[in-house]
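Participant: run-v4.cif is reproduced in full below (mmCIF, C-alpha atoms).
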```
data_work
#
loop_
_atom_site.label_atom_id
_atom_site.label_comp_id
_atom_site.auth_asym_id
_atom_site.auth_seq_id
_atom_site.Cartn_x
_atom_site.Cartn_y
_atom_site.Cartn_z
CA MET N 1 4.63 -0.74 5.99
CA PHE N 2 3.40 -2.78 3.03
CA THR N 3 2.87 -6.53 3.06
CA ARG N 4 3.67 -8.57 -0.03
CA LEU N 5 0.48 -10.41 -0.92
CA LYS N 6 -0.07 -13.25 -3.33
CA PRO N 7 -1.98 -12.42 -6.53
CA TYR N 8 -5.12 -14.20 -5.41
CA GLN N 9 -5.06 -12.31 -2.09
CA VAL N 10 -4.92 -8.99 -3.94
CA VAL N 11 -7.87 -10.03 -6.08
CA VAL N 12 -9.87 -11.12 -3.03
CA ASP N 13 -9.21 -7.90 -1.08
CA VAL N 14 -10.01 -5.63 -4.04
CA THR N 15 -13.20 -7.59 -4.71
CA ILE N 16 -14.28 -7.32 -1.07
CA GLY N 17 -13.71 -3.55 -1.12
CA LEU N 18 -15.73 -3.08 -4.33
CA VAL N 19 -18.59 -5.32 -3.19
CA PHE N 20 -18.71 -3.51 0.14
CA PHE N 21 -18.87 -0.11 -1.60
CA VAL N 22 -21.65 -1.21 -3.95
CA PHE N 23 -23.65 -2.87 -1.17
CA VAL N 24 -23.44 0.03 1.29
CA SER N 25 -24.15 2.66 -1.41
CA GLY N 26 -27.42 1.01 -2.30
CA PHE N 27 -28.41 -0.04 1.20
CA HIS N 28 -30.79 2.88 1.76
CA GLY N 29 -32.05 3.10 -1.80
CA LEU N 30 -31.03 3.12 -5.39
CA VAL N 31 -29.93 6.74 -5.18
CA SER N 32 -27.51 7.68 -2.38
CA SER N 33 -26.32 11.13 -1.40
CA TYR N 34 -22.83 12.29 -2.20
CA SER N 35 -22.05 12.22 1.50
CA ASP N 36 -23.05 8.56 1.79
CA LEU N 37 -21.05 7.74 -1.33
CA ALA N 38 -17.96 9.48 0.06
CA VAL N 39 -18.16 7.61 3.37
CA SER N 40 -18.81 4.29 1.62
CA LEU N 41 -15.90 4.87 -0.76
CA GLY N 42 -13.48 5.80 2.04
CA LEU N 43 -14.36 2.82 4.22
CA GLY N 44 -14.36 0.53 1.15
CA ILE N 45 -10.78 1.65 0.38
CA ALA N 46 -9.81 1.06 4.02
CA LEU N 47 -11.33 -2.41 3.84
CA GLY N 48 -9.47 -3.23 0.62
CA PHE N 49 -6.10 -2.09 2.07
CA ARG N 50 -6.49 -3.84 5.44
CA ARG N 51 -3.97 -6.64 4.67
CA PHE N 52 -1.78 -4.90 2.12
CA SER N 53 -1.06 -2.00 4.48
CA PRO N 54 -2.79 -2.02 7.88
CA ALA N 55 -1.31 1.43 8.65
CA VAL N 56 -2.80 3.01 5.49
CA SER N 57 -6.08 1.21 6.11
CA LEU N 58 -6.28 2.51 9.69
CA GLY N 59 -5.41 6.05 8.57
CA VAL N 60 -8.08 6.07 5.84
CA ALA N 61 -10.65 4.72 8.30
CA TRP N 62 -9.80 7.46 10.82
CA VAL N 63 -10.05 10.24 8.25
CA THR N 64 -13.33 8.88 6.89
CA ALA N 65 -14.86 8.49 10.36
CA LEU N 66 -13.90 12.04 11.38
CA ILE N 67 -15.34 13.45 8.15
CA GLN N 68 -18.50 11.39 8.67
CA MET N 69 -19.09 12.59 12.24
CA TYR N 70 -17.73 16.14 12.47
CA TRP N 71 -18.04 17.46 8.92
CA LEU N 72 -20.86 15.62 7.17
CA HIS N 73 -22.73 15.10 10.48
CA LEU N 74 -23.78 11.60 9.47
CA GLY N 75 -24.82 9.11 12.10
CA PRO N 76 -23.52 5.54 12.43
CA GLY N 77 -24.42 3.32 9.50
CA VAL N 78 -23.75 -0.01 7.88
CA ALA N 79 -20.51 1.32 6.37
CA ASP N 80 -19.01 1.72 9.84
CA PHE N 81 -18.77 -2.07 10.22
CA ALA N 82 -15.69 -1.83 7.98
CA ILE N 83 -13.90 -0.19 10.92
CA LEU N 84 -14.20 -3.46 12.85
CA ALA N 85 -12.46 -5.37 10.03
CA VAL N 86 -9.75 -2.69 9.89
CA LEU N 87 -9.06 -3.00 13.63
CA TYR N 88 -8.92 -6.79 13.30
CA ALA N 89 -6.38 -6.53 10.45
CA THR N 90 -4.39 -3.95 12.41
CA ALA N 91 -3.85 -6.45 15.22
CA SER N 92 -3.44 -9.57 13.07
CA HIS N 93 -1.29 -8.21 10.21
CA GLY N 94 0.20 -4.94 11.47
CA SER N 95 3.66 -4.29 12.82
CA PHE N 96 4.35 -3.66 16.50
CA ILE N 97 3.88 0.10 16.15
CA VAL N 98 0.73 -0.27 14.04
CA ARG N 99 -0.76 -2.67 16.58
CA ARG N 100 -0.10 -0.16 19.36
CA ILE N 101 -1.66 2.65 17.29
CA GLY N 102 -4.68 0.43 16.71
CA PHE N 103 -4.93 -0.21 20.44
CA VAL N 104 -4.84 3.53 21.18
CA SER N 105 -7.39 4.09 18.40
CA ILE N 106 -9.88 1.93 20.30
CA PHE N 107 -9.95 4.39 23.24
CA ALA N 108 -9.68 7.53 21.13
CA GLY N 109 -12.40 6.38 18.74
CA SER N 110 -14.63 5.27 21.58
CA LEU N 111 -14.29 8.65 23.33
CA LEU N 112 -14.96 10.66 20.16
CA GLY N 113 -17.85 8.39 19.24
CA ALA N 114 -19.38 8.67 22.70
CA ILE N 115 -19.17 12.46 22.57
CA TYR N 116 -20.69 12.40 19.10
CA LEU N 117 -23.59 10.21 20.22
CA LEU N 118 -24.07 12.29 23.34
CA GLY N 119 -24.36 15.42 21.20
CA GLY N 120 -27.27 13.99 19.27
CA GLY N 121 -25.44 13.40 16.01
CA ALA N 122 -24.22 16.95 15.25
CA SER N 123 -20.93 18.66 15.93
CA SER N 124 -19.71 18.07 19.47
CA LEU N 125 -18.78 21.71 20.00
CA VAL N 126 -22.35 22.78 19.20
CA ASN N 127 -24.33 19.98 20.79
CA LEU N 128 -22.50 20.06 24.10
CA ARG N 129 -24.03 23.47 24.82
CA LEU N 130 -26.60 21.79 27.00
CA ASP N 131 -28.36 22.83 30.15
CA LEU N 132 -25.96 21.74 32.86
CA SER N 133 -27.56 23.72 35.66
CA SER N 134 -29.41 20.73 37.00
CA ILE N 135 -27.48 18.11 38.94
CA ALA N 136 -29.83 15.41 37.63
CA GLU N 137 -29.06 16.46 34.09
CA VAL N 138 -25.35 16.31 34.77
CA LEU N 139 -25.66 12.83 36.23
CA ARG N 140 -27.81 11.72 33.32
CA LEU N 141 -25.30 12.97 30.79
CA GLY N 142 -22.42 11.46 32.72
CA LEU N 143 -24.04 8.03 32.90
CA LEU N 144 -25.01 8.22 29.25
CA LEU N 145 -21.45 9.14 28.30
CA ILE N 146 -20.10 6.20 30.31
CA PHE N 147 -22.61 3.88 28.67
CA TYR N 148 -21.70 5.01 25.15
CA LEU N 149 -18.00 4.82 26.00
CA ALA N 150 -18.27 1.29 27.42
CA LEU N 151 -20.40 0.15 24.50
CA LEU N 152 -17.93 1.46 21.92
CA LEU N 153 -14.94 0.11 23.84
CA VAL N 154 -16.45 -3.35 23.72
CA LEU N 155 -17.52 -2.99 20.09
CA LEU N 156 -14.12 -1.72 18.89
CA GLY N 157 -12.02 -3.75 21.31
CA LEU N 158 -13.38 -7.17 20.43
CA PRO N 159 -12.08 -7.29 16.80
CA TRP N 160 -8.69 -5.92 17.84
CA THR N 161 -8.45 -8.53 20.61
CA ALA N 162 -9.52 -11.30 18.23
CA GLY N 163 -6.93 -10.20 15.69
CA ASN N 164 -4.22 -10.11 18.35
CA LEU N 165 -5.15 -13.63 19.52
CA VAL N 166 -5.05 -14.92 15.96
CA ARG N 167 -1.65 -13.31 15.43
CA THR N 168 -0.34 -14.82 18.66
CA ARG N 169 -1.56 -18.24 17.59
CA ILE N 170 0.02 -17.89 14.16
CA VAL N 171 3.34 -16.78 15.66
CA ALA N 172 3.24 -19.65 18.15
CA ARG N 173 2.58 -22.09 15.33
CA GLU N 174 5.43 -20.64 13.29
CA ASN N 175 7.75 -20.86 16.30
CA GLN N 176 6.69 -24.45 16.86
CA THR N 177 7.31 -25.24 13.22
CA ALA N 178 10.70 -23.52 13.39
CA ARG N 179 11.62 -25.49 16.52
CA ALA N 180 10.52 -28.73 14.89
CA ARG N 181 12.55 -27.87 11.80
CA ALA N 182 15.55 -26.99 13.96
CA GLU N 183 15.22 -30.29 15.82
CA LEU N 184 15.03 -32.17 12.53
CA ASP N 185 18.09 -30.30 11.25
CA ALA N 186 19.96 -31.03 14.48
CA THR N 187 19.02 -34.71 14.28
CA ALA N 188 20.08 -34.86 10.64
CA ALA N 189 23.37 -33.13 11.45
CA GLU N 190 23.95 -35.54 14.32
CA GLN N 191 23.24 -38.48 12.05
CA ASP N 192 25.66 -37.05 9.47
CA VAL N 193 28.35 -36.75 12.14
CA ILE N 194 27.75 -40.33 13.27
CA VAL N 195 27.87 -41.60 9.71
CA GLU N 196 31.04 -39.61 9.00
CA GLN N 197 32.71 -40.93 12.14
CA GLU N 198 31.74 -44.47 11.22
CA ARG N 199 33.06 -44.01 7.69
CA ASN N 200 36.33 -42.62 9.05
CA ARG N 201 36.65 -45.59 11.38
CA ILE N 202 36.01 -48.03 8.55
CA ALA N 203 38.45 -46.11 6.35
CA ARG N 204 41.12 -46.49 9.04
CA ASP N 205 40.41 -50.21 9.27
CA MET N 206 40.52 -50.54 5.49
CA HIS N 207 43.85 -48.74 5.39
CA ASP N 208 45.30 -50.85 8.17
CA VAL N 209 44.12 -54.16 6.72
CA VAL N 210 44.89 -53.49 3.06
CA ALA N 211 48.19 -51.67 3.56
CA HIS N 212 49.53 -54.31 5.94
CA SER N 213 48.39 -57.25 3.85
CA LEU N 214 49.70 -55.82 0.58
CA ALA N 215 53.05 -55.03 2.19
CA VAL N 216 53.35 -58.63 3.37
CA VAL N 217 52.27 -60.00 -0.02
CA ILE N 218 54.76 -57.79 -1.88
CA ALA N 219 57.60 -58.73 0.43
CA GLN N 220 56.80 -62.43 0.11
CA ALA N 221 56.49 -62.19 -3.67
CA ASP N 222 59.82 -60.36 -4.00
CA GLY N 223 61.48 -62.88 -1.69
CA ALA N 224 60.11 -65.82 -3.64
CA ARG N 225 61.27 -64.32 -6.94
CA TYR N 226 64.83 -63.92 -5.68
CA ALA N 227 64.83 -67.25 -3.84
CA ARG N 228 63.67 -69.21 -6.88
CA VAL N 229 67.26 -69.48 -8.15
CA ASN N 230 69.20 -70.03 -4.93
CA ALA N 231 66.64 -71.79 -2.70
CA PRO N 232 63.73 -73.18 -4.74
CA GLU N 233 62.39 -75.06 -1.71
CA THR N 234 61.47 -71.74 -0.02
CA VAL N 235 59.20 -70.69 -2.88
CA ASP N 236 56.38 -72.91 -1.64
CA GLU N 237 56.61 -71.38 1.83
CA ALA N 238 56.46 -67.87 0.35
CA LEU N 239 53.48 -68.77 -1.82
CA ALA N 240 51.72 -70.30 1.18
CA ALA N 241 52.34 -67.13 3.19
CA ILE N 242 51.04 -65.01 0.31
CA SER N 243 47.92 -67.16 0.04
CA SER N 244 47.26 -67.06 3.79
CA THR N 245 47.80 -63.31 4.05
CA ALA N 246 45.66 -62.56 1.01
CA ARG N 247 42.88 -64.85 2.25
CA ASP N 248 42.85 -63.16 5.66
CA ALA N 249 42.86 -59.72 4.05
CA LEU N 250 40.00 -60.70 1.77
CA ALA N 251 37.96 -61.89 4.75
CA ASP N 252 38.62 -58.63 6.61
CA VAL N 253 37.72 -56.52 3.58
CA ARG N 254 34.51 -58.47 3.10
CA LEU N 255 33.55 -57.84 6.70
CA LEU N 256 34.28 -54.13 6.31
CA LEU N 257 32.29 -53.89 3.10
CA GLY N 258 29.45 -55.72 4.78
CA GLN N 259 29.59 -53.19 7.57
CA LEU N 260 29.27 -50.41 5.01
CA ARG N 261 26.14 -52.04 3.62
CA HIS N 262 24.66 -53.00 6.98
CA SER N 263 25.54 -50.74 9.88
CA GLN N 264 24.64 -53.45 12.41
CA SER N 265 27.38 -55.77 11.16
CA GLU N 266 30.57 -56.11 13.19
CA GLY N 267 33.89 -55.31 11.56
CA PRO N 268 37.15 -57.13 12.34
CA GLN N 269 38.16 -56.60 15.94
CA PRO N 270 41.65 -58.01 16.53
CA VAL N 271 42.93 -58.16 20.10
CA LEU N 272 46.31 -58.46 21.77
CA ALA N 273 46.23 -62.24 21.44
CA ASP N 274 46.37 -61.80 17.66
CA LEU N 275 49.76 -60.07 17.84
CA ASP N 276 51.62 -63.40 17.70
CA ARG N 277 49.97 -64.18 14.38
CA LEU N 278 50.84 -60.70 13.14
CA PHE N 279 54.47 -61.16 14.15
CA ASP N 280 54.60 -64.53 12.36
CA GLN N 281 53.25 -63.02 9.14
CA LEU N 282 55.83 -60.24 9.15
CA ARG N 283 58.68 -62.54 10.14
CA ALA N 284 57.76 -64.75 7.19
CA SER N 285 58.07 -61.63 5.01
CA GLY N 286 61.66 -61.12 6.08
CA LEU N 287 61.23 -58.74 9.01
CA THR N 288 63.09 -59.55 12.22
CA ILE N 289 60.94 -58.76 15.23
CA GLY N 290 61.89 -58.75 18.88
CA PHE N 291 59.11 -58.66 21.44
CA ASP N 292 59.57 -58.19 25.17
CA VAL N 293 57.21 -57.40 28.01
CA GLU N 294 57.86 -55.58 31.26
CA GLY N 295 55.47 -55.42 34.19
CA THR N 296 52.33 -57.37 35.06
CA PRO N 297 49.76 -57.51 32.25
CA PHE N 298 46.08 -56.86 32.97
CA VAL N 299 42.94 -57.13 30.90
CA LEU N 300 42.25 -54.17 28.60
CA GLY N 301 38.97 -53.29 26.96
CA THR N 302 38.23 -54.23 23.38
CA ALA N 303 38.69 -50.66 22.16
CA GLN N 304 42.13 -50.38 23.80
CA GLN N 305 43.23 -53.75 22.44
CA LEU N 306 42.10 -52.83 18.94
CA ALA N 307 43.96 -49.51 19.15
CA ILE N 308 47.17 -51.21 20.31
CA TYR N 309 46.92 -53.88 17.62
CA ARG N 310 46.44 -51.31 14.84
CA ILE N 311 49.27 -49.13 16.12
CA VAL N 312 51.69 -52.07 16.24
CA GLN N 313 50.47 -53.31 12.85
CA GLU N 314 50.95 -49.92 11.20
CA ALA N 315 54.38 -49.36 12.77
CA LEU N 316 55.64 -52.81 11.69
CA THR N 317 54.16 -52.41 8.21
CA ASN N 318 55.97 -49.09 7.83
CA ALA N 319 59.19 -50.75 9.01
CA LEU N 320 58.75 -53.49 6.39
CA ARG N 321 58.07 -50.99 3.61
CA HIS N 322 60.46 -48.18 4.47
CA GLY N 323 62.90 -49.53 7.06
CA ASP N 324 66.04 -51.61 7.07
CA VAL N 325 64.69 -55.19 7.23
CA SER N 326 68.17 -56.56 7.91
CA ARG N 327 68.03 -55.09 11.42
CA GLU N 328 65.69 -56.12 14.19
CA VAL N 329 62.50 -54.21 14.98
CA VAL N 330 61.91 -54.12 18.73
CA VAL N 331 58.40 -54.08 20.17
CA HIS N 332 58.42 -53.34 23.88
CA PHE N 333 55.38 -53.43 26.18
CA THR N 334 55.62 -51.79 29.60
CA TRP N 335 52.65 -52.52 31.85
CA THR N 336 52.04 -50.00 34.64
CA PRO N 337 49.17 -50.02 37.16
CA ILE N 338 47.22 -47.47 35.07
CA ASP N 339 48.26 -47.93 31.45
CA LEU N 340 50.25 -49.80 28.83
CA GLU N 341 53.27 -48.14 27.24
CA VAL N 342 54.11 -49.41 23.76
CA THR N 343 57.44 -48.68 22.10
CA ILE N 344 58.31 -49.81 18.55
CA SER N 345 61.85 -49.09 17.40
CA SER N 346 62.89 -49.71 13.79
CA SER N 347 65.95 -48.89 11.73
CA LEU N 348 65.84 -46.62 8.71
CA THR N 349 67.66 -47.14 5.47
CA SER N 350 68.53 -43.42 5.39
CA SER N 351 67.91 -40.25 7.38
CA PRO N 352 64.65 -38.88 6.03
CA ALA N 353 63.38 -35.45 6.96
CA THR N 354 61.06 -35.45 9.94
CA ALA N 355 58.34 -33.69 7.94
CA GLU N 356 58.19 -36.57 5.47
CA LEU N 357 57.28 -38.99 8.25
CA ARG N 358 54.47 -36.84 9.59
CA VAL N 359 52.30 -36.96 6.50
CA GLY N 360 50.03 -39.73 5.24
CA HIS N 361 47.17 -41.77 6.66
CA GLY N 362 49.42 -44.16 8.59
CA LEU N 363 50.86 -41.90 11.30
CA ALA N 364 47.71 -39.79 11.46
CA GLY N 365 45.64 -42.94 11.90
CA MET N 366 47.88 -44.18 14.73
CA ARG N 367 47.57 -40.87 16.57
CA GLU N 368 43.82 -40.83 16.09
CA ARG N 369 43.41 -44.39 17.35
CA ALA N 370 45.38 -43.56 20.47
CA ALA N 371 43.38 -40.39 21.06
CA LEU N 372 40.04 -42.19 20.66
CA VAL N 373 40.77 -44.33 23.73
CA GLY N 374 42.20 -41.45 25.74
CA GLY N 375 45.83 -42.24 25.00
CA GLN N 376 48.73 -40.44 23.35
CA LEU N 377 51.14 -41.29 20.58
CA GLN N 378 54.47 -39.70 19.72
CA THR N 379 57.07 -40.41 17.07
CA GLU N 380 60.77 -39.71 17.24
CA VAL N 381 63.31 -39.74 14.42
CA THR N 382 67.01 -40.06 15.11
CA ASP N 383 69.86 -40.48 12.69
CA ARG N 384 69.02 -44.04 11.69
CA GLU N 385 66.11 -45.01 13.93
CA PHE N 386 62.38 -44.35 13.97
CA VAL N 387 60.58 -44.80 17.29
CA VAL N 388 56.84 -44.93 17.89
CA TYR N 389 55.81 -44.41 21.50
CA ALA N 390 52.19 -44.84 22.60
CA VAL N 391 50.50 -44.73 25.99
CA ILE N 392 47.13 -46.45 26.24
CA PRO N 393 45.24 -46.02 29.55
CA ALA N 394 43.42 -48.88 31.20
CA THR N 395 40.13 -46.93 31.14
CA THR N 396 38.84 -45.27 27.99
CA VAL N 397 38.62 -41.50 28.45
CA PRO N 398 38.29 -39.96 24.96
CA ALA N 399 40.40 -36.87 24.43
#
```
Would you encode the structure as C-alpha cells?

Facilitator:
Amino acid sequence: MFTRLKPYQVVVDVTIGLVFFVFVSGFHGLVSSYSDLAVSLGLGIALGFRRFSPAVSLGVAWVTALIQMYWLHLGPGVADFAILAVLYATASHGSFIVRRIGFVSIFAGSLLGAIYLLGGGASSLVNLRLDLSSIAEVLRLGLLLIFYLALLLVLLGLPWTAGNLVRTRIVARENQTARARAELDATAAEQDVIVEQERNRIARDMHDVVAHSLAVVIAQADGARYARVNAPETVDEALAAISSTARDALADVRLLLGQLRHSQSEGPQPVLADLDRLFDQLRASGLTIGFDVEGTPFVLGTAQQLAIYRIVQEALTNALRHGDVSREVVVHFTWTPIDLEVTISSSLTSSPATAELRVGHGLAGMRERAALVGGQLQTEVTDREFVVYAVIPATTVPA
C-alpha cells in the first residue's frame, strides 16, 4: 500500500504539495474562504501522497471532491487539476487493484461531475428538479449530460492512460534489463563451465604426464643405485633414460603451462604411434611388457587415440608403482568393426581390497577419458591380478 521512497523524493513530493496549497489558496485573492482553504488543503495532501501511497492519495481526492461538490457546493477550480496528477500516479505507481480502482474512478467521477454540472453547481438532488414536461427540454438535458460526461471522461482518462503507458514502458524496460542480465549471467556461467572443463582436462594431462614420468625416473634411479655395485656399466643407461624421460616430461609440462596462460595453445596430444616409445621407457625402468594385437586396425580420431594412450599410460604406470614388476604386463588390443577393446593385465604384489583401487585420480581419470569419447572402462581385481578393460568406439559419442 505504501511505496518506499528515497529521501529526496519525499522532499520533492512534500514541497510540491505545499507549493500547490499556497498557490491555489491565493489564486483568487489574498484572503480565501474557509471552504476554498479546505479544498486546497485536501487536494494538496492528495498531491503530496500520490507516489508514497496512490491508494491514500486517490481516497483523499475522492473525499475532497465529494465535499467540494455536494456539501460546500463549490464549482470546478484550479485546485481540481490535482486530481489529474493523482489519476496519473494511480496508474503509474499503484498496484493492480489500485489501478483498477482508478480506472473505475474515471467513469464514476465523470458521471458525478456531469450530474453536478448539469445541476448548475448545486446539489444534484435539488437541481435535478427541472421542468421535464417538454420533449425538447429532455433532449437538451440529455445531450448536455452526454457532452459533460464525454468531456470529463476525456479529461480524467488521459492522465490515467498516460500513467498506464509510462508504467508499461518502465516494466518493459525492467524486463529487458532482467533478460539482458540473465543472458549475461548465463554466458558467464557457460564460460565458467568451459573454463572448469578445460582446467580439469589440463589437470588430467598434468597428472598423466607427471605421474608417469616420475614413476619412470624413480624406477630408473633405484635401479641405477642397486646396479652400481654389481653392473656399473648399466648406470649410464639408467641415467640416460632418466635424462630422456625428465626432458620429455619437462617439455610436456611447459606445453601444459603455456596452455594455461594462453587458451589457444595446443597441449601434448600423443597418439597410438607413440605407444612404442612409451613401452620402451617403461621396459627400461624394469617393467616387462607384452603387446599383442587382434583384428584389423583402422584409423581412430585424435580424441580416441589420446584417450587410449592415457589409459594405457596410467595402467602401466600403476603396474610399475604398485605391481609385481618381475611378471609380465600384457597389453592386448582387439579391433572390431565398430570399436577398439583394450585390455591391460598386471600382477599384484599382494591382494589389496577392491575399494583401495577405486580411489585416486588415476582410475577416475581413466574412466573419465573413456566416457568423454563415448567409451567405457572397467577394472577387475582377482587374487593376484589387476585387469583394466576399456572399449573405445570408432566414432565419438560423448556419454

Participant: Evaluated on this file, the PyMOL selection byres ((chain N and resi 281) around 12) picks out some residues - which ones are they, written as a PyMOL selection string?

Facilitator: chain N and resi 212-217+219-220+237-238+240-246+248+274-280+282-289+313+316-317+320

Participant: Kindly indicate which residue among N:Val104, N:Val330, N:Val39, N:Ala189 lies nearest to N:Gly75, using only C-alpha atoms for the distances.

Facilitator: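 Between N:Val104, N:Val330, N:Val39, N:Ala189, the residue approaching N:Gly75 most closely is N:Val39.
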
Participant: To one decimal place in Å, what is the distance between atom CA of N:Thr90 and atom CA of N:Gly163?

Facilitator: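 Result for atom CA of N:Thr90 versus atom CA of N:Gly163: 7.5 Å, one decimal.
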
Participant: Which of these, N:Ile16, N:Gly119, N:Val193, N:Ala180, has the shortest distance to N:Tyr148 once you count all atoms listed in the file?

Facilitator: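 Of all the options, N:Gly119 lies closest to N:Tyr148.
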
Participant: Using the chain letters and residue numbers of this document, give as a PyMOL selection string the residues selected by the PyMOL selection byres ((chain N and resi 386) around 9).

Facilitator: chain N and resi 319+323+344-348+379-385+387-388

Participant: Which residues fall under the PyMOL selection byres ((chain N and resi 5) around 12) in this file, as a list of chain:residue names?

Facilitator: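 Output from the PyMOL selection byres ((chain N and resi 5) around 12), applied to this file: N:Phe2, N:Thr3, N:Arg4, N:Lys6, N:Pro7, N:Tyr8, N:Gln9, N:Val10, N:Val11, N:Val12, N:Asp13, N:Val14, N:Phe49, N:Arg50, N:Arg51, N:Phe52, N:Ser53, N:His93.
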
Participant: Expressed in Å to a single decimal, how great is the separation between atom CA of N:Leu306 and atom CA of N:His322?

Facilitator: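 Between these atoms lies a distance of 23.8 Å.
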
Participant: What's the 10 Å shell around N:Phe298, counting all atoms listed in the file, without same-chain residues fewer than 2 positions away, as a PDB file with C-alpha atoms, in the frame of the given file?

Facilitator:
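result23.pdb, freshly written:
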```pdb
ATOM      1  CA  GLY N 295      55.470 -55.420  34.190  1.00  0.00           C
ATOM      2  CA  THR N 296      52.330 -57.370  35.060  1.00  0.00           C
ATOM      3  CA  LEU N 300      42.250 -54.170  28.600  1.00  0.00           C
ATOM      4  CA  GLY N 301      38.970 -53.290  26.960  1.00  0.00           C
ATOM      5  CA  TRP N 335      52.650 -52.520  31.850  1.00  0.00           C
ATOM      6  CA  THR N 336      52.040 -50.000  34.640  1.00  0.00           C
ATOM      7  CA  PRO N 337      49.170 -50.020  37.160  1.00  0.00           C
ATOM      8  CA  ILE N 338      47.220 -47.470  35.070  1.00  0.00           C
ATOM      9  CA  ASP N 339      48.260 -47.930  31.450  1.00  0.00           C
ATOM     10  CA  LEU N 340      50.250 -49.800  28.830  1.00  0.00           C
ATOM     11  CA  ALA N 394      43.420 -48.880  31.200  1.00  0.00           C
TER      12      ALA N 394
END
```

Participant: Using only C-alpha atoms, which of the listed residues (N:Val331, N:Ile392, N:Gln269, N:Arg321) sits closest to N:Glu294?

Facilitator: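 The answer is N:Val331, which sits nearest to N:Glu294.
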